[in-house]
Amino acid sequence: MNNIKLKIIQFDLCLQGRNNTKMKKYRLEIIVFLSGAIEMGLELLASRILSPYVGSSNVVWTSIIGIILASMSLGYWYGGKIADKTPSKDKISEILLMAVFFTSLIPLFETIVVKNMAELVENLIFSAIICAITVFSIPSFLLAMISPIAVKIKSMDSKEIGLSSGKISSLSTLGSIIGTFFMGFVLIPHIGVSNINIGIIVLLILMSIIIRETKDKKYMYLCVFSISISIITVVAGKIVFTKIHPDLILDTDSEYSRIWVTNLKSGDQNYKVMQVDTGIESWTDVTKNELSAEYLKFYDLFEYYNKSTQNTLMIGGAAYTYPMYYLNKYKNKKIDVVEIDEKMTQIAEKEFGLNLNEPRIKVYTQDGRSFLNQSNNKYDTILIDAFKGLNAPFELTTYEALQNAKNLLNDNGIVLTNIISGITGKNAKFLEHEYATYKKVFDDVKVFKVKSKKTPEEKQNLILLGIKGRPDIDESKYQEYSKRITSEIINYNSNSRIATDDFAPIGK
């Protein structure tokens with residue numbers, strides 16, 4: 001114990017060094033700034049931790065933001081009560097150590113609470129709210145308590161209470177801004193969720209030591225307890241996570257998503273799967289070395305409906321399973337792929353066998369809508385496969401986007417798009433709006449049902465085919481693709497309002 005106390009005191013002296021007076025003067029401001037940064041960092045961290053279990057849709061983001069703001073509001077209120085009773089830097093130090101404890105529980109809660117809650121609670125809103133409350137409400141509540149205590153401490157040394165309050169609020173907000181940018185643009189893409197969580201724990205411990213004025217035995221015990229519990233819970237979280245996900249071979253974060261790659265066995269067959277949020281983005285049959293996703297095989301219909309196709313554009317690469325299949329099957333054709341997430345391309349190259357040295361493939365690391373807006377390239381076929389789990393990127397479903405896609409097509413060109421929707425009933429709204437939009441843009445539109453066993457009311461993969469001009473049909477391919485061609489939903493029609501950039505009721 002004496003050794004630990006000595007090291008903490010030495011660390012404190014080292015931090016202060018030659019600028020001891022300045023350090024003491026601005027310690028409070030530094031803590032307020034860092035607390036604001038961590039608060040917003042936790043919000044972004046929450047989205048990544050929850051995404052593999054409940055997704056990252058608008059519902060989930062709304063739940064996370066709402067719960068964290070509610071927790072912060074309660075923290076400000078309760079922190080104000082504490083400030084009127086015991087406004088001291090030592091109290092802030094103790095609050096930070098409490099935050100260390102509850103932040104260290106996050107990895108354990110991810111596997112024990114979030115995973116089970118997502119499976120047990122069918123309603124996404126309730127599930128997301130409960131998960132956010134369980135995992136992030138207490139750390140947010142504790143960090144929010146610091147600002148009102150800091151205001152009280154500063155006001156005791158100054159008659160300018162309003163100015164002191166304004167400075168503290170400004171520092172906390174500035175910390176939140178910088179924390180948001182630093183977390184989103186630097187930390188999450190480059191060091192990952194679990195390492196960030198450990199970094200936050202370490203930072204909170206250092207902040208507690210910096211702000212503490214009375215380093216007595218009680219504080220030493222609190223420090224030792226907090227550090228010990230943090231180590232135990234973080235290690236336990238990793239062990240439990242590994243046991244629950246034994247087939248996971250990669251868990252990484254990019255600028256856009258948390259990405260999992262998993263090896264799965266089904267009988268004698270092995271599958272390699274890429275998961276983003278709750279959805280399977282790509283999977284391939286490693287045993288047979290062929291496409292596993294049935295809907296991807298429908299993209300081959302371009303060979304029947306536009307026999308002169310030489311240049312193809314695909315929006316949405318993910319693990320590049322279809323582009324690799326395309327290059328292998330069509331030796332004289334070229335394909336361009338637009339994939340916004342560079343890390344997905346890297347994973348496809350490392351884990352799924354993508355060869356970027358192949359001259360017939362060109363990759364654009366760019367947003368799909370931006371590419372449609374700006375490109376001057378011309379294509380015979382455009383394939384759109386940009387769903388993120390069950391969530392459609394609305395900006396690729398609108399009249400304006402499809403009009404731009406049509407402009408990139410050569411005469412008799414086609415667009416093939418994978419959507420997830422019901423055909424009839426309450427789950428069919430997406431198809432109804434999207435079919436109406438395609439009819440407004442293209443000269444002919446067809447809808448194909450990917451899995452015949454699905455009932456019309458179920459959400460399922462459907463293929464929309466939009467034709468510019470007249471189809472350039474290759475009758476010699478009918479026998480090869482007859483099963484897919486005859487899966488067309490004949491005489492389908494929709495009187496729904498078209499989707500536009502101003503009105504895109506996707507998923508409703």
# chains A, B, ... in the order shown; residues from 1 in each chain; ligands from 1

call {"tool": "residues_around", "arguments": {"residues": "A:Pro323", "least_positions_apart": "3", "cutoff": "9 Å", "atoms": "only C-alpha atoms", "output": "list of chain:residue names"}}
result
A:Met314, A:Gly317, A:Tyr320, A:Tyr326, A:Leu327, A:Asn328, A:Ile335, A:Asp336, A:Val337, A:Leu354, A:Ile361

call {"tool": "write_last_selection", "arguments": {"atoms": "C-alpha atoms", "output": "CSV table (one decimal), in the first residue's frame"}}
result
chain,number,residue,atom,x,y,z
A,314,MET,CA,-21.6,-2.6,-58.9
A,317,GLY,CA,-18.7,-4.3,-52.6
A,320,TYR,CA,-16.6,-8.6,-53.1
A,326,TYR,CA,-18.1,-12.2,-62.1
A,327,LEU,CA,-14.4,-12.0,-63.1
A,328,ASN,CA,-14.1,-15.8,-62.9
A,335,ILE,CA,-16.4,-4.5,-63.6
A,336,ASP,CA,-16.1,-1.4,-61.6
A,337,VAL,CA,-17.0,-1.5,-57.9
A,354,LEU,CA,-10.0,-10.4,-53.7
A,361,ILE,CA,-11.7,-4.7,-61.9

call {"tool": "atom_distance", "arguments": {"atom1": "atom CA of A:Ile201", "atom2": "atom CA of A:Ala99"}}
result
8.3 Å

call {"tool": "select_by_dssp", "arguments": {"residues": "stretch 181-361 of chain A", "states": "strand (DSSP E or B)", "output": "PyMOL selection string"}}
result
chain A and resi 248-253+258-266+269-276+279-285+290-291+306+311-315+334-338+361

call {"tool": "residues_around", "arguments": {"residues": "stretch 438-441 of chain A", "least_positions_apart": "4", "cutoff": "9 Å", "atoms": "only C-alpha atoms", "output": "VMD selection string"}}
result
chain A and resid 398 to 399 402 to 403 406 433 to 434 445 464 to 466 468 498

call {"tool": "write_last_selection", "arguments": {"atoms": "N, CA, C and O atoms", "output": "PDB file, in the first residue's frame"}}
result
ATOM      1  N   THR A 398     -33.963   6.792 -54.432  1.00  0.00           N
ATOM      2  CA  THR A 398     -34.842   7.890 -54.850  1.00  0.00           C
ATOM      3  C   THR A 398     -34.859   8.098 -56.366  1.00  0.00           C
ATOM      4  O   THR A 398     -33.996   7.604 -57.097  1.00  0.00           O
ATOM      5  N   TYR A 399     -35.839   8.872 -56.793  1.00  0.00           N
ATOM      6  CA  TYR A 399     -35.981   9.205 -58.213  1.00  0.00           C
ATOM      7  C   TYR A 399     -34.697   9.848 -58.741  1.00  0.00           C
ATOM      8  O   TYR A 399     -34.214   9.508 -59.837  1.00  0.00           O
ATOM      9  N   LEU A 402     -31.852   7.246 -59.136  1.00  0.00           N
ATOM     10  CA  LEU A 402     -32.088   6.321 -60.246  1.00  0.00           C
ATOM     11  C   LEU A 402     -31.997   7.031 -61.592  1.00  0.00           C
ATOM     12  O   LEU A 402     -31.572   6.424 -62.592  1.00  0.00           O
ATOM     13  N   GLN A 403     -32.375   8.296 -61.640  1.00  0.00           N
ATOM     14  CA  GLN A 403     -32.236   9.057 -62.875  1.00  0.00           C
ATOM     15  C   GLN A 403     -30.760   9.216 -63.235  1.00  0.00           C
ATOM     16  O   GLN A 403     -30.368   9.092 -64.404  1.00  0.00           O
ATOM     17  N   LYS A 406     -29.575   5.908 -64.583  1.00  0.00           N
ATOM     18  CA  LYS A 406     -30.025   5.732 -65.962  1.00  0.00           C
ATOM     19  C   LYS A 406     -29.135   6.516 -66.927  1.00  0.00           C
ATOM     20  O   LYS A 406     -28.820   6.050 -68.030  1.00  0.00           O
ATOM     21  N   HIS A 433     -43.280   1.703 -52.901  1.00  0.00           N
ATOM     22  CA  HIS A 433     -42.688   3.005 -53.228  1.00  0.00           C
ATOM     23  C   HIS A 433     -41.574   2.859 -54.260  1.00  0.00           C
ATOM     24  O   HIS A 433     -41.474   3.666 -55.198  1.00  0.00           O
ATOM     25  N   GLU A 434     -40.766   1.805 -54.100  1.00  0.00           N
ATOM     26  CA  GLU A 434     -39.611   1.656 -54.976  1.00  0.00           C
ATOM     27  C   GLU A 434     -40.025   1.247 -56.387  1.00  0.00           C
ATOM     28  O   GLU A 434     -39.454   1.719 -57.381  1.00  0.00           O
ATOM     29  N   VAL A 445     -40.001  -2.245 -66.181  1.00  0.00           N
ATOM     30  CA  VAL A 445     -39.576  -2.654 -64.842  1.00  0.00           C
ATOM     31  C   VAL A 445     -40.107  -4.053 -64.550  1.00  0.00           C
ATOM     32  O   VAL A 445     -41.256  -4.371 -64.867  1.00  0.00           O
ATOM     33  N   LEU A 464     -35.238  -5.947 -58.311  1.00  0.00           N
ATOM     34  CA  LEU A 464     -35.882  -5.002 -59.224  1.00  0.00           C
ATOM     35  C   LEU A 464     -35.002  -4.834 -60.456  1.00  0.00           C
ATOM     36  O   LEU A 464     -33.794  -4.616 -60.345  1.00  0.00           O
ATOM     37  N   LEU A 465     -35.622  -4.939 -61.624  1.00  0.00           N
ATOM     38  CA  LEU A 465     -34.907  -4.775 -62.890  1.00  0.00           C
ATOM     39  C   LEU A 465     -35.484  -3.577 -63.632  1.00  0.00           C
ATOM     40  O   LEU A 465     -36.675  -3.542 -63.941  1.00  0.00           O
ATOM     41  N   GLY A 466     -34.653  -2.574 -63.871  1.00  0.00           N
ATOM     42  CA  GLY A 466     -35.056  -1.411 -64.652  1.00  0.00           C
ATOM     43  C   GLY A 466     -34.346  -1.412 -65.989  1.00  0.00           C
ATOM     44  O   GLY A 466     -33.126  -1.624 -66.051  1.00  0.00           O
ATOM     45  N   LYS A 468     -33.494   0.522 -69.663  1.00  0.00           N
ATOM     46  CA  LYS A 468     -33.439   1.750 -70.446  1.00  0.00           C
ATOM     47  C   LYS A 468     -33.607   1.383 -71.916  1.00  0.00           C
ATOM     48  O   LYS A 468     -32.780   0.679 -72.488  1.00  0.00           O
ATOM     49  N   ILE A 498     -43.894   8.115 -55.371  1.00  0.00           N
ATOM     50  CA  ILE A 498     -42.502   7.787 -55.665  1.00  0.00           C
ATOM     51  C   ILE A 498     -41.592   8.315 -54.558  1.00  0.00           C
ATOM     52  O   ILE A 498     -41.921   9.271 -53.856  1.00  0.00           O
TER      53      ILE A 498
END

call {"tool": "closest_residue", "arguments": {"among": "A:Glu255, A:Asp285, A:Glu342, A:Asp268", "to": "A:Met183", "atoms": "only C-alpha atoms"}}
result
A:Glu255

call {"tool": "closest_residue", "arguments": {"among": "A:Ile149, A:Ile178, A:Ala46, A:Met324", "to": "A:Glu290", "atoms": "only C-alpha atoms"}}
result
A:Met324

call {"tool": "closest_residue", "arguments": {"among": "A:Ile467, A:Met344, A:Met40, A:Ala428", "to": "A:Asp443", "atoms": "only C-alpha atoms"}}
result
A:Ile467

call {"tool": "residues_around", "arguments": {"residues": "stretch 193-196 of chain A", "least_positions_apart": "4", "cutoff": "7 Å", "atoms": "only C-alpha atoms", "output": "ChimeraX atom specification"}}
result
/A:45,188,200

call {"tool": "write_last_selection", "arguments": {"atoms": "N, CA and C atoms", "output": "JSON list (two decimals), in the first residue's frame"}}
result
[["chain", "number", "residue", "atom", "x", "y", "z"],
["A", 45, "LEU", "N", -19.20, 5.28, -28.90],
["A", 45, "LEU", "CA", -18.83, 3.92, -28.51],
["A", 45, "LEU", "C", -20.07, 3.06, -28.36],
["A", 188, "ILE", "N", -11.87, 5.31, -33.26],
["A", 188, "ILE", "CA", -12.67, 4.14, -33.64],
["A", 188, "ILE", "C", -12.12, 3.43, -34.88],
["A", 200, "ILE", "N", -10.21, 4.77, -22.05],
["A", 200, "ILE", "CA", -11.07, 5.63, -21.24],
["A", 200, "ILE", "C", -10.91, 5.32, -19.75]]

call {"tool": "residues_around", "arguments": {"residues": "A:Val60", "least_positions_apart": "3", "cutoff": "10 Å", "atoms": "only C-alpha atoms", "output": "list in words"}}
result
Ala46, Ser47, Leu50, Ser51, Val54, Gly55, Ser56, Ser57, Ser63, Ile64, Ile65, Gly66, Leu124, Ile125, Phe126, Ser127, Ala128, Ile129, Cys131 and Ala132 of chain A

call {"tool": "select_by_dssp", "arguments": {"residues": "stretch 94-341 of chain A", "states": "helix (DSSP H, G or I)", "output": "PyMOL selection string"}}
result
chain A and resi 94-104+106-120+124-144+146-156+161-191+193-211+217-244+294-305+321-329

call {"tool": "closest_residue", "arguments": {"among": "A:Ser147, A:Ser88, A:Ser104, A:Asn58", "to": "A:Gly166", "atoms": "only C-alpha atoms"}}
result
A:Ser147

call {"tool": "residues_around", "arguments": {"residues": "A:Pro393", "least_positions_apart": "5", "cutoff": "12 Å", "atoms": "only C-alpha atoms", "output": "list of chain:residue names"}}
result
A:Ser57, A:Asn58, A:Ile315, A:Gly316, A:Asp367, A:Gly368, A:Arg369, A:Ile384, A:Asp385, A:Ala386, A:Phe387, A:Lys388, A:Thr398, A:Ala401, A:Asn418, A:Ile419, A:Ile420, A:Asp501, A:Ala504, A:Pro505, A:Ile506, A:Gly507

call {"tool": "residues_around", "arguments": {"residues": "stretch 379-381 of chain A", "least_positions_apart": "3", "cutoff": "6 Å", "atoms": "only C-alpha atoms", "output": "JSON, numbers by chain"}}
result
{"A": [309, 311, 312, 409, 410, 413, 414, 415]}

call {"tool": "closest_residue", "arguments": {"among": "A:Met220, A:Val135, A:Ala392, A:Met274", "to": "A:Phe109", "atoms": "only C-alpha atoms"}}
result
A:Val135

call {"tool": "atom_distance", "arguments": {"atom1": "atom CA of A:Val450", "atom2": "atom CA of A:Ala499"}}
result
23.3 Å

call {"tool": "closest_residue", "arguments": {"among": "A:Gly179, A:Lys115, A:Glu339, A:Phe352", "to": "A:Gln366", "atoms": "only C-alpha atoms"}}
result
A:Glu339

call {"tool": "atom_distance", "arguments": {"atom1": "atom CA of A:Lys331", "atom2": "atom CA of A:Val286"}}
result
21.9 Å
